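Structure below is my_file29.txt: compact mmCIF, C-alpha atoms and all ligand atoms.
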# COMPACT_ATOMS: atom_id res chain seq x y z
CA MET A 87 5.55 33.96 -31.53
CA PRO A 88 5.77 31.13 -29.00
CA ARG A 89 9.07 30.61 -27.19
CA GLU A 90 11.74 28.34 -28.63
CA ARG A 91 12.70 26.80 -25.33
CA ALA A 92 11.36 26.45 -21.82
CA ARG A 93 12.48 24.73 -18.65
CA SER A 94 10.59 23.94 -15.50
CA PHE A 95 11.03 22.33 -12.10
CA ALA A 96 8.34 21.00 -9.76
CA PRO A 97 9.10 19.63 -6.29
CA GLY A 98 7.72 16.61 -4.49
CA ARG A 99 6.16 17.06 -1.07
CA VAL A 100 6.10 15.70 2.43
CA ASN A 101 2.79 15.88 4.21
CA LEU A 102 3.57 16.81 7.82
CA ILE A 103 0.08 15.78 8.89
CA GLY A 104 -3.47 15.55 7.47
CA GLU A 105 -3.64 12.31 5.50
CA HIS A 106 -6.62 11.25 3.39
CA THR A 107 -8.33 14.49 4.27
CA ASP A 108 -8.02 16.27 0.90
CA TYR A 109 -10.73 14.38 -0.98
CA ASN A 110 -12.86 14.60 2.18
CA LEU A 111 -12.67 18.41 2.05
CA GLY A 112 -10.70 18.53 5.29
CA LEU A 113 -7.35 20.00 6.33
CA ALA A 114 -3.71 19.11 5.66
CA LEU A 115 -0.28 20.59 6.42
CA PRO A 116 2.24 19.61 3.71
CA PHE A 117 5.45 21.24 2.52
CA ALA A 118 7.35 21.11 -0.78
CA ILE A 119 10.80 19.48 -0.63
CA ALA A 120 14.01 20.17 -2.56
CA GLU A 121 13.83 17.07 -4.75
CA GLY A 122 11.57 17.07 -7.77
CA VAL A 123 11.19 16.68 -11.51
CA SER A 124 12.50 18.98 -14.22
CA VAL A 125 11.39 19.26 -17.83
CA SER A 126 13.26 20.89 -20.73
CA ALA A 127 11.22 21.71 -23.80
CA VAL A 128 12.30 22.74 -27.30
CA ALA A 129 9.67 23.87 -29.80
CA ALA A 130 9.40 21.90 -33.02
CA GLY A 131 9.88 23.51 -36.39
CA SER A 132 6.68 24.39 -38.25
CA GLN A 133 6.52 20.99 -40.01
CA ALA A 134 6.21 19.07 -36.75
CA ALA A 135 4.26 21.75 -34.89
CA GLU A 136 1.51 19.34 -33.90
CA ARG A 137 3.67 16.52 -32.58
CA VAL A 138 5.21 16.03 -29.15
CA ARG A 139 8.18 13.76 -28.56
CA VAL A 140 8.98 12.99 -24.93
CA HIS A 141 12.14 11.46 -23.53
CA ALA A 142 12.09 10.09 -19.98
CA LEU A 143 15.83 10.37 -19.34
CA ASP A 144 16.06 8.23 -16.20
CA LEU A 145 14.05 5.41 -17.78
CA GLY A 146 15.70 5.69 -21.20
CA GLU A 147 12.22 5.56 -22.78
CA TRP A 148 10.45 7.63 -25.44
CA ASP A 149 6.92 8.56 -26.35
CA GLU A 150 5.46 10.42 -29.30
CA PHE A 151 1.92 11.68 -29.85
CA GLU A 152 -0.23 14.22 -31.70
CA LEU A 153 -0.98 17.34 -29.68
CA CYS A 154 -4.54 17.54 -30.96
CA ASP A 155 -5.45 13.94 -30.14
CA PRO A 156 -3.23 12.08 -27.67
CA SER A 157 -4.61 8.60 -27.11
CA PRO A 158 -4.43 7.07 -23.61
CA ALA A 159 -1.28 5.08 -22.72
CA PRO A 160 -0.11 3.23 -19.61
CA GLY A 161 2.72 4.09 -17.20
CA TRP A 162 4.60 7.40 -17.32
CA ARG A 163 3.29 8.09 -20.83
CA ALA A 164 -0.17 8.76 -19.37
CA PHE A 165 1.23 11.85 -17.62
CA ALA A 166 2.66 13.55 -20.71
CA ARG A 167 -0.34 12.74 -22.89
CA GLY A 168 -2.83 13.65 -20.19
CA THR A 169 -1.15 16.97 -19.40
CA ALA A 170 -1.09 18.02 -23.05
CA ALA A 171 -4.71 16.93 -23.56
CA GLU A 172 -6.02 18.70 -20.44
CA LEU A 173 -4.15 21.91 -21.29
CA ALA A 174 -5.57 21.85 -24.81
CA ARG A 175 -9.08 21.16 -23.51
CA ALA A 176 -8.78 24.12 -21.14
CA GLY A 177 -7.94 26.34 -24.12
CA PHE A 178 -4.26 27.03 -23.45
CA PRO A 179 -2.22 27.61 -26.63
CA LEU A 180 0.22 24.73 -27.16
CA VAL A 181 3.00 24.01 -29.62
CA GLY A 182 4.61 20.69 -30.43
CA GLY A 183 8.21 19.97 -29.64
CA GLN A 184 10.60 17.77 -27.78
CA LEU A 185 10.41 17.36 -24.01
CA GLU A 186 13.02 15.84 -21.74
CA ILE A 187 12.01 14.68 -18.27
CA GLU A 188 14.59 14.32 -15.53
CA GLY A 189 13.71 13.40 -11.98
CA ALA A 190 15.49 13.00 -8.69
CA LEU A 191 12.41 11.76 -6.86
CA PRO A 192 12.03 8.09 -6.12
CA ARG A 193 8.78 6.78 -7.61
CA GLY A 194 6.39 5.07 -5.22
CA ALA A 195 8.03 6.64 -2.17
CA GLY A 196 4.93 8.60 -1.16
CA LEU A 197 6.69 11.88 -1.99
CA SER A 198 4.42 12.79 -4.84
CA SER A 199 6.60 12.09 -7.84
CA SER A 200 3.40 11.94 -9.93
CA ALA A 201 2.26 15.47 -9.10
CA ALA A 202 5.81 16.78 -9.58
CA LEU A 203 5.83 15.24 -13.06
CA GLU A 204 2.39 16.66 -13.98
CA VAL A 205 3.20 20.14 -12.70
CA ALA A 206 6.66 20.28 -14.35
CA LEU A 207 5.19 19.12 -17.68
CA CYS A 208 2.38 21.63 -17.36
CA ILE A 209 4.64 24.61 -16.71
CA ALA A 210 7.02 23.66 -19.55
CA LEU A 211 4.13 23.30 -22.02
CA LEU A 212 2.45 26.51 -20.82
CA GLU A 213 5.67 28.49 -21.18
CA LEU A 214 6.51 26.99 -24.55
CA GLY A 215 3.07 27.72 -25.97
CA SER A 216 2.73 31.26 -24.74
CA SER A 217 4.96 34.21 -25.48
CA ASP A 218 3.17 36.84 -23.44
CA ARG A 219 2.39 35.01 -20.20
CA SER A 220 4.88 33.74 -17.67
CA TRP A 221 4.60 31.35 -14.73
CA GLN A 222 7.14 33.38 -12.76
CA ARG A 223 5.15 36.60 -13.11
CA GLY A 224 2.05 34.80 -11.86
CA ASP A 225 0.15 35.13 -15.14
CA PHE A 226 -1.49 31.72 -14.70
CA ASP A 227 -4.14 30.84 -12.14
CA ARG A 228 -2.22 28.38 -9.98
CA LEU A 229 -5.25 26.76 -8.44
CA GLU A 230 -6.65 26.16 -11.91
CA ILE A 231 -3.37 24.48 -12.87
CA ALA A 232 -3.46 22.35 -9.69
CA ARG A 233 -6.98 21.19 -10.59
CA LEU A 234 -5.93 20.52 -14.17
CA CYS A 235 -2.98 18.38 -13.02
CA SER A 236 -5.28 16.51 -10.67
CA ARG A 237 -7.56 15.68 -13.63
CA VAL A 238 -4.53 14.16 -15.36
CA GLU A 239 -4.06 11.91 -12.34
CA ASN A 240 -7.77 11.04 -12.07
CA ASP A 241 -8.74 10.64 -15.71
CA TRP A 242 -5.52 9.60 -17.46
CA VAL A 243 -3.55 7.74 -14.79
CA GLY A 244 -6.59 6.27 -13.03
CA ALA A 245 -5.81 7.31 -9.45
CA ARG A 246 -8.73 9.06 -7.71
CA THR A 247 -6.38 11.31 -5.75
CA GLY A 248 -7.28 14.73 -4.33
CA LEU A 249 -5.50 18.08 -4.63
CA LEU A 250 -2.95 17.73 -1.83
CA ASP A 251 0.09 16.90 -3.95
CA GLN A 252 -0.49 19.39 -6.75
CA ILE A 253 -1.18 22.30 -4.38
CA SER A 254 1.91 21.42 -2.30
CA SER A 255 4.14 21.30 -5.37
CA ILE A 256 2.79 24.54 -6.85
CA PHE A 257 2.43 26.69 -3.72
CA GLY A 258 5.39 25.40 -1.62
CA GLU A 259 7.43 28.03 0.26
CA PRO A 260 10.86 27.85 1.94
CA ASP A 261 10.67 27.40 5.72
CA ARG A 262 6.90 27.04 5.68
CA ALA A 263 4.33 24.30 5.65
CA LEU A 264 0.99 25.05 3.99
CA ARG A 265 -2.22 24.74 5.97
CA ILE A 266 -4.67 23.83 3.23
CA ASP A 267 -8.41 23.91 3.77
CA PHE A 268 -9.81 21.75 0.97
CA LEU A 269 -13.34 23.03 1.56
CA THR A 270 -12.52 26.68 0.85
CA LEU A 271 -9.16 26.07 -0.91
CA GLU A 272 -7.59 28.62 1.39
CA ILE A 273 -3.81 28.13 1.60
CA ASP A 274 -2.18 29.53 4.70
CA PRO A 275 1.65 29.31 5.01
CA VAL A 276 2.67 28.33 8.56
CA PRO A 277 6.32 28.87 9.65
CA LEU A 278 7.95 25.49 10.24
CA ALA A 279 10.27 26.80 12.96
CA LEU A 280 12.09 23.61 13.92
CA ASP A 281 14.66 25.32 16.14
CA GLY A 282 17.27 22.56 15.86
CA TRP A 283 14.75 19.70 15.62
CA ARG A 284 14.99 17.58 12.46
CA LEU A 285 12.43 15.99 10.18
CA VAL A 286 13.76 12.86 8.47
CA LEU A 287 12.43 10.28 6.04
CA VAL A 288 13.07 6.59 5.80
CA GLY A 289 11.74 4.40 3.01
CA SER A 290 9.65 1.37 3.91
CA GLY A 291 11.27 -0.49 1.01
CA GLU A 292 7.80 -1.10 -0.36
CA PRO A 293 6.80 1.01 -3.39
CA HIS A 294 3.16 1.99 -3.68
CA THR A 295 1.10 2.96 -6.71
CA HIS A 296 -2.18 4.69 -6.16
CA ALA A 297 -4.05 3.22 -9.07
CA SER A 298 -3.40 -0.34 -7.97
CA SER A 299 -3.24 0.07 -4.19
CA GLY A 300 -6.29 0.28 -1.95
CA TYR A 301 -6.34 4.08 -2.37
CA ASN A 302 -9.33 4.16 -4.71
CA GLU A 303 -11.17 1.73 -2.43
CA ARG A 304 -10.59 4.01 0.59
CA ARG A 305 -11.91 6.94 -1.38
CA ALA A 306 -15.01 4.97 -2.34
CA GLU A 307 -15.55 4.00 1.30
CA CYS A 308 -15.49 7.66 2.33
CA ALA A 309 -17.98 8.51 -0.42
CA ARG A 310 -20.26 5.70 0.79
CA ALA A 311 -20.01 7.00 4.38
CA CYS A 312 -21.18 10.43 3.13
CA GLU A 313 -24.10 8.87 1.29
CA LEU A 314 -25.24 7.00 4.40
CA LEU A 315 -24.86 10.12 6.55
CA GLY A 316 -26.62 12.31 3.99
CA VAL A 317 -23.77 14.84 3.87
CA ALA A 318 -21.89 16.29 0.90
CA SER A 319 -18.49 15.60 2.47
CA LEU A 320 -17.03 14.24 5.72
CA ARG A 321 -16.34 17.86 6.70
CA GLN A 322 -20.02 18.06 7.62
CA ALA A 323 -20.02 14.83 9.66
CA THR A 324 -19.89 14.85 13.48
CA PRO A 325 -17.99 12.41 15.74
CA GLU A 326 -21.34 11.16 17.09
CA SER A 327 -22.90 10.57 13.67
CA VAL A 328 -19.94 8.59 12.28
CA GLN A 329 -20.19 6.12 15.18
CA LEU A 330 -23.55 5.02 13.76
CA LEU A 331 -22.00 3.93 10.44
CA PRO A 332 -21.26 0.25 9.82
CA VAL A 333 -17.65 -0.99 10.17
CA PRO A 334 -15.32 -0.25 8.40
CA LEU A 335 -16.97 3.01 7.27
CA SER A 336 -17.18 4.28 10.86
CA LEU A 337 -13.43 3.69 11.22
CA ARG A 338 -12.58 5.49 7.98
CA ALA A 339 -14.72 8.50 8.86
CA SER A 340 -13.37 8.66 12.44
CA HIS A 341 -9.86 8.82 11.04
CA VAL A 342 -10.76 11.77 8.83
CA LEU A 343 -12.45 13.73 11.63
CA GLY A 344 -9.58 13.02 14.04
CA GLU A 345 -7.00 13.94 11.42
CA ASN A 346 -8.62 17.35 10.77
CA ALA A 347 -8.45 18.03 14.50
CA ARG A 348 -4.79 16.96 14.56
CA VAL A 349 -3.95 19.39 11.74
CA ARG A 350 -5.47 22.25 13.75
CA ALA A 351 -3.57 21.11 16.86
CA THR A 352 -0.28 20.82 14.93
CA VAL A 353 -0.62 24.36 13.58
CA ALA A 354 -1.24 25.60 17.13
CA ALA A 355 1.74 23.61 18.47
CA LEU A 356 4.03 24.98 15.74
CA ARG A 357 2.91 28.53 16.41
CA ALA A 358 3.63 27.96 20.11
CA GLY A 359 7.05 26.38 19.36
CA ASP A 360 5.90 23.17 21.10
CA LEU A 361 7.81 20.54 19.08
CA PRO A 362 7.27 17.68 21.57
CA ALA A 363 3.52 18.16 21.03
CA VAL A 364 4.06 17.99 17.25
CA GLY A 365 5.84 14.65 17.75
CA THR A 366 2.93 13.27 19.76
CA LEU A 367 0.47 14.40 17.06
CA LEU A 368 2.53 12.73 14.30
CA SER A 369 2.43 9.42 16.14
CA ALA A 370 -1.29 9.76 16.85
CA SER A 371 -1.86 10.38 13.13
CA HIS A 372 0.07 7.22 12.31
CA GLU A 373 -1.89 5.11 14.78
CA SER A 374 -5.09 6.35 13.18
CA GLU A 375 -3.80 5.58 9.66
CA ARG A 376 -2.86 2.10 10.86
CA ASP A 377 -5.89 1.18 12.97
CA LEU A 378 -8.77 3.21 11.53
CA PHE A 379 -7.91 3.96 7.92
CA GLU A 380 -5.92 0.72 7.56
CA VAL A 381 -3.35 1.92 5.02
CA SER A 382 -0.23 0.66 6.79
CA THR A 383 1.75 -2.50 6.00
CA PRO A 384 4.26 -4.62 7.96
CA ALA A 385 7.16 -2.92 6.13
CA VAL A 386 5.80 0.52 7.06
CA GLU A 387 5.40 -0.55 10.69
CA ALA A 388 9.01 -1.76 10.75
CA ALA A 389 10.15 1.66 9.45
CA VAL A 390 8.07 3.46 12.11
CA GLN A 391 9.62 1.24 14.81
CA ARG A 392 13.14 1.97 13.51
CA LEU A 393 12.52 5.69 13.90
CA LEU A 394 10.85 5.43 17.30
CA GLY A 395 13.54 2.99 18.44
CA ALA A 396 16.20 5.58 17.52
CA GLY A 397 14.45 8.10 19.76
CA ALA A 398 12.08 9.96 17.40
CA ALA A 399 9.58 12.18 19.20
CA GLY A 400 6.99 11.00 16.68
CA ALA A 401 6.76 9.09 13.40
CA ARG A 402 4.14 8.58 10.73
CA LEU A 403 3.48 7.15 7.30
CA VAL A 404 3.29 9.92 4.66
CA GLY A 405 1.21 9.96 1.48
CA GLY A 406 -1.42 7.55 0.26
CA GLY A 407 -0.09 4.55 2.17
CA PHE A 408 0.22 0.82 1.40
CA GLY A 409 4.00 1.38 1.35
CA GLY A 410 6.04 4.52 0.72
CA SER A 411 8.01 6.60 3.24
CA VAL A 412 7.85 7.26 6.96
CA LEU A 413 8.54 10.67 8.50
CA GLY A 414 10.20 11.07 11.90
CA LEU A 415 10.75 14.10 14.13
CA PHE A 416 14.00 14.20 16.14
CA ALA A 417 14.90 16.51 19.01
CA PRO A 418 18.29 18.28 18.98
CA GLY A 419 21.04 15.88 20.00
CA VAL A 420 19.07 12.72 19.10
CA ASP A 421 20.50 11.00 16.04
CA PRO A 422 18.21 9.53 13.38
CA PRO A 423 19.01 5.94 12.31
CA PRO A 424 21.50 5.30 9.48
CA GLY A 425 19.96 5.86 6.04
CA ALA A 426 17.43 8.46 7.25
CA ARG A 427 17.35 11.57 5.07
CA GLU A 428 16.66 15.04 6.45
CA VAL A 429 13.92 17.04 4.68
CA ARG A 430 13.12 20.76 4.82
CA PRO A 431 10.46 22.94 3.22
CA GLY A 432 11.58 24.44 -0.10
CA PRO A 433 10.14 26.66 -2.81
CA GLY A 434 7.29 25.61 -5.08
CA ALA A 435 7.24 24.84 -8.79
CA ARG A 436 8.94 27.28 -11.11
CA ALA A 437 9.98 28.09 -14.66
CA LEU A 438 13.76 27.96 -14.82
CA GLU A 439 15.67 30.81 -16.35
CA GLY A 440 19.02 30.37 -18.03
CA PRO A 441 20.70 29.74 -21.34
CA ASP A 442 18.18 27.05 -22.23
CA SER A 443 15.01 29.01 -21.58
C1 LIG A 501 -1.86 10.69 -2.06
C2 LIG A 501 -2.83 11.46 -2.91
C3 LIG A 501 -3.31 12.73 -2.20
C4 LIG A 501 -3.79 12.42 -0.78
C5 LIG A 501 -2.79 11.53 -0.06
C6 LIG A 501 -3.31 11.04 1.27
O1 LIG A 501 -0.68 11.42 -1.89
O2 LIG A 501 -2.25 11.82 -4.14
O3 LIG A 501 -4.32 13.35 -2.96
O4 LIG A 501 -5.07 11.88 -0.79
O5 LIG A 501 -2.44 10.39 -0.81
O6 LIG A 501 -3.38 12.10 2.15
Just dump the structure as structure tokens.
Amino acid sequence: MPRERARSFAPGRVNLIGEHTDYNLGLALPFAIAEGVSVSAVAAGSQAAERVRVHALDLGEWDEFELCDPSPAPGWRAFARGTAAELARAGFPLVGGQLEIEGALPRGAGLSSSAALEVALCIALLELGSSDRSWQRGDFDRLEIARLCSRVENDWVGARTGLLDQISSIFGEPDRALRIDFLTLEIDPVPLALDGWRLVLVGSGEPHTHASSGYNERRAECARACELLGVASLRQATPESVQLLPVPLSLRASHVLGENARVRATVAALRAGDLPAVGTLLSASHESERDLFEVSTPAVEAAVQRLLGAGAAGARLVGGGFGGSVLGLFAPGVDPPPGAREVRPGPGARALEGPDS
């Protein structure tokens, strides 16, 4: 017997450093945050066992589709349909029912509201459809679920994103960032011992959407750089070889190589408790995103300047770019500008217990 009810929560993420490295099989250092998306699911009676009805509470919108054959749809509906379809294709038992989505994550803020939505939907549907397996007990292969959610993003939503957001949301841990190696898919929690320092976010005021921003174009440029270099991924490229590429491919590839090195250096600085060095690395990452990868905008630059002007030890654009949020690191006793929001690493996605589940 499948369950009658299930509830799930999946967090957004902040990427401390390591941007546009995931689909280049490089390194990143994100952490899950407290804000995220929750989904409540109630199984349908036997007559409607094949239908799913979804209510996006904050938008006041509905969707309805057949479990066995969801057709593509634009906007948020692509997430629910895609998640159900990919779970079914992967052979997970599913039952129809009613889903309610509730989210406290701003969309387009570069905090991975999309992955939080996919992962929360996935866990709710997995729990609802299966009586003998549980997310909490670890009965599902979490990397497989991260890949499945990423297919939803790639094939249903149309954004050629990598695995950064889904892995961050699923594997997040309190007080730790995750050093992810996208070549081996090794995930190594690194204590984020801030010792009185604060990480804060400010919005650039400019929402971004991956499918329509230059994100897919950047990804294509990296793929073209690999083709010209004759390597399977930029992980195999050397600083000397990328200089021989034509502009702008040489710039894109240099960013990726430099960013991998900065992730390694940030992990070392954190382990040594050297927060000023972390600040310097964050700013270097931003300069590379701006000048080499060219994903910044005037509104993002203004947000970076606000943070640096207030005394941040370092500041950088987080996420895919072309808008979104900027992260700043502040030493003890230095006050972030008004409107900045402190962020800390929190736990990863979970099935929620309680009267409803
Ligand atoms: C977005 C994508 C991720 C990653 C980042 C850039 O968040 O969803 O896969 O590529 O941009 O680091």
Mind giving me the axis-aligned box for segment 180-192 of chain A with 6 Å on every side, centre plus edges in Å to one decimal, as lines of an AutoDock Vina configuration file?
center_x = 7.9
center_y = 16.4
center_z = -18.3
size_x = 27.3
size_y = 28.6
size_z = 36.3
Compare A:Arg304, A:Arg91, A:Arg284, A:Arg265 by their minimum atom-to-atom distance to ligand LIG 501 (chain A), counting only C-alpha atoms and all ligand atoms, and give me the closest one.
->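 The answer is A:Arg304, which sits nearest to ligand LIG 501 (chain A).
Rounded to one decimal, atom CA of Asp155 of chain A and atom CA of Gly194 of chain A lie 29.0 Å from each other.
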Distance of atom CA of Val342 of chain A from atom CA of Val243 of chain A, expressed in Å to one decimal place =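 It comes out at 25.0 Å.
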Nearest candidate to ligand LIG 501 (chain A) (options A:Ala142, A:Ala232, A:Ala201, A:Leu356; using only C-alpha atoms and all ligand atoms) |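 Comparing A:Ala142, A:Ala232, A:Ala201, A:Leu356 against ligand LIG 501 (chain A), the winner is A:Ala201.
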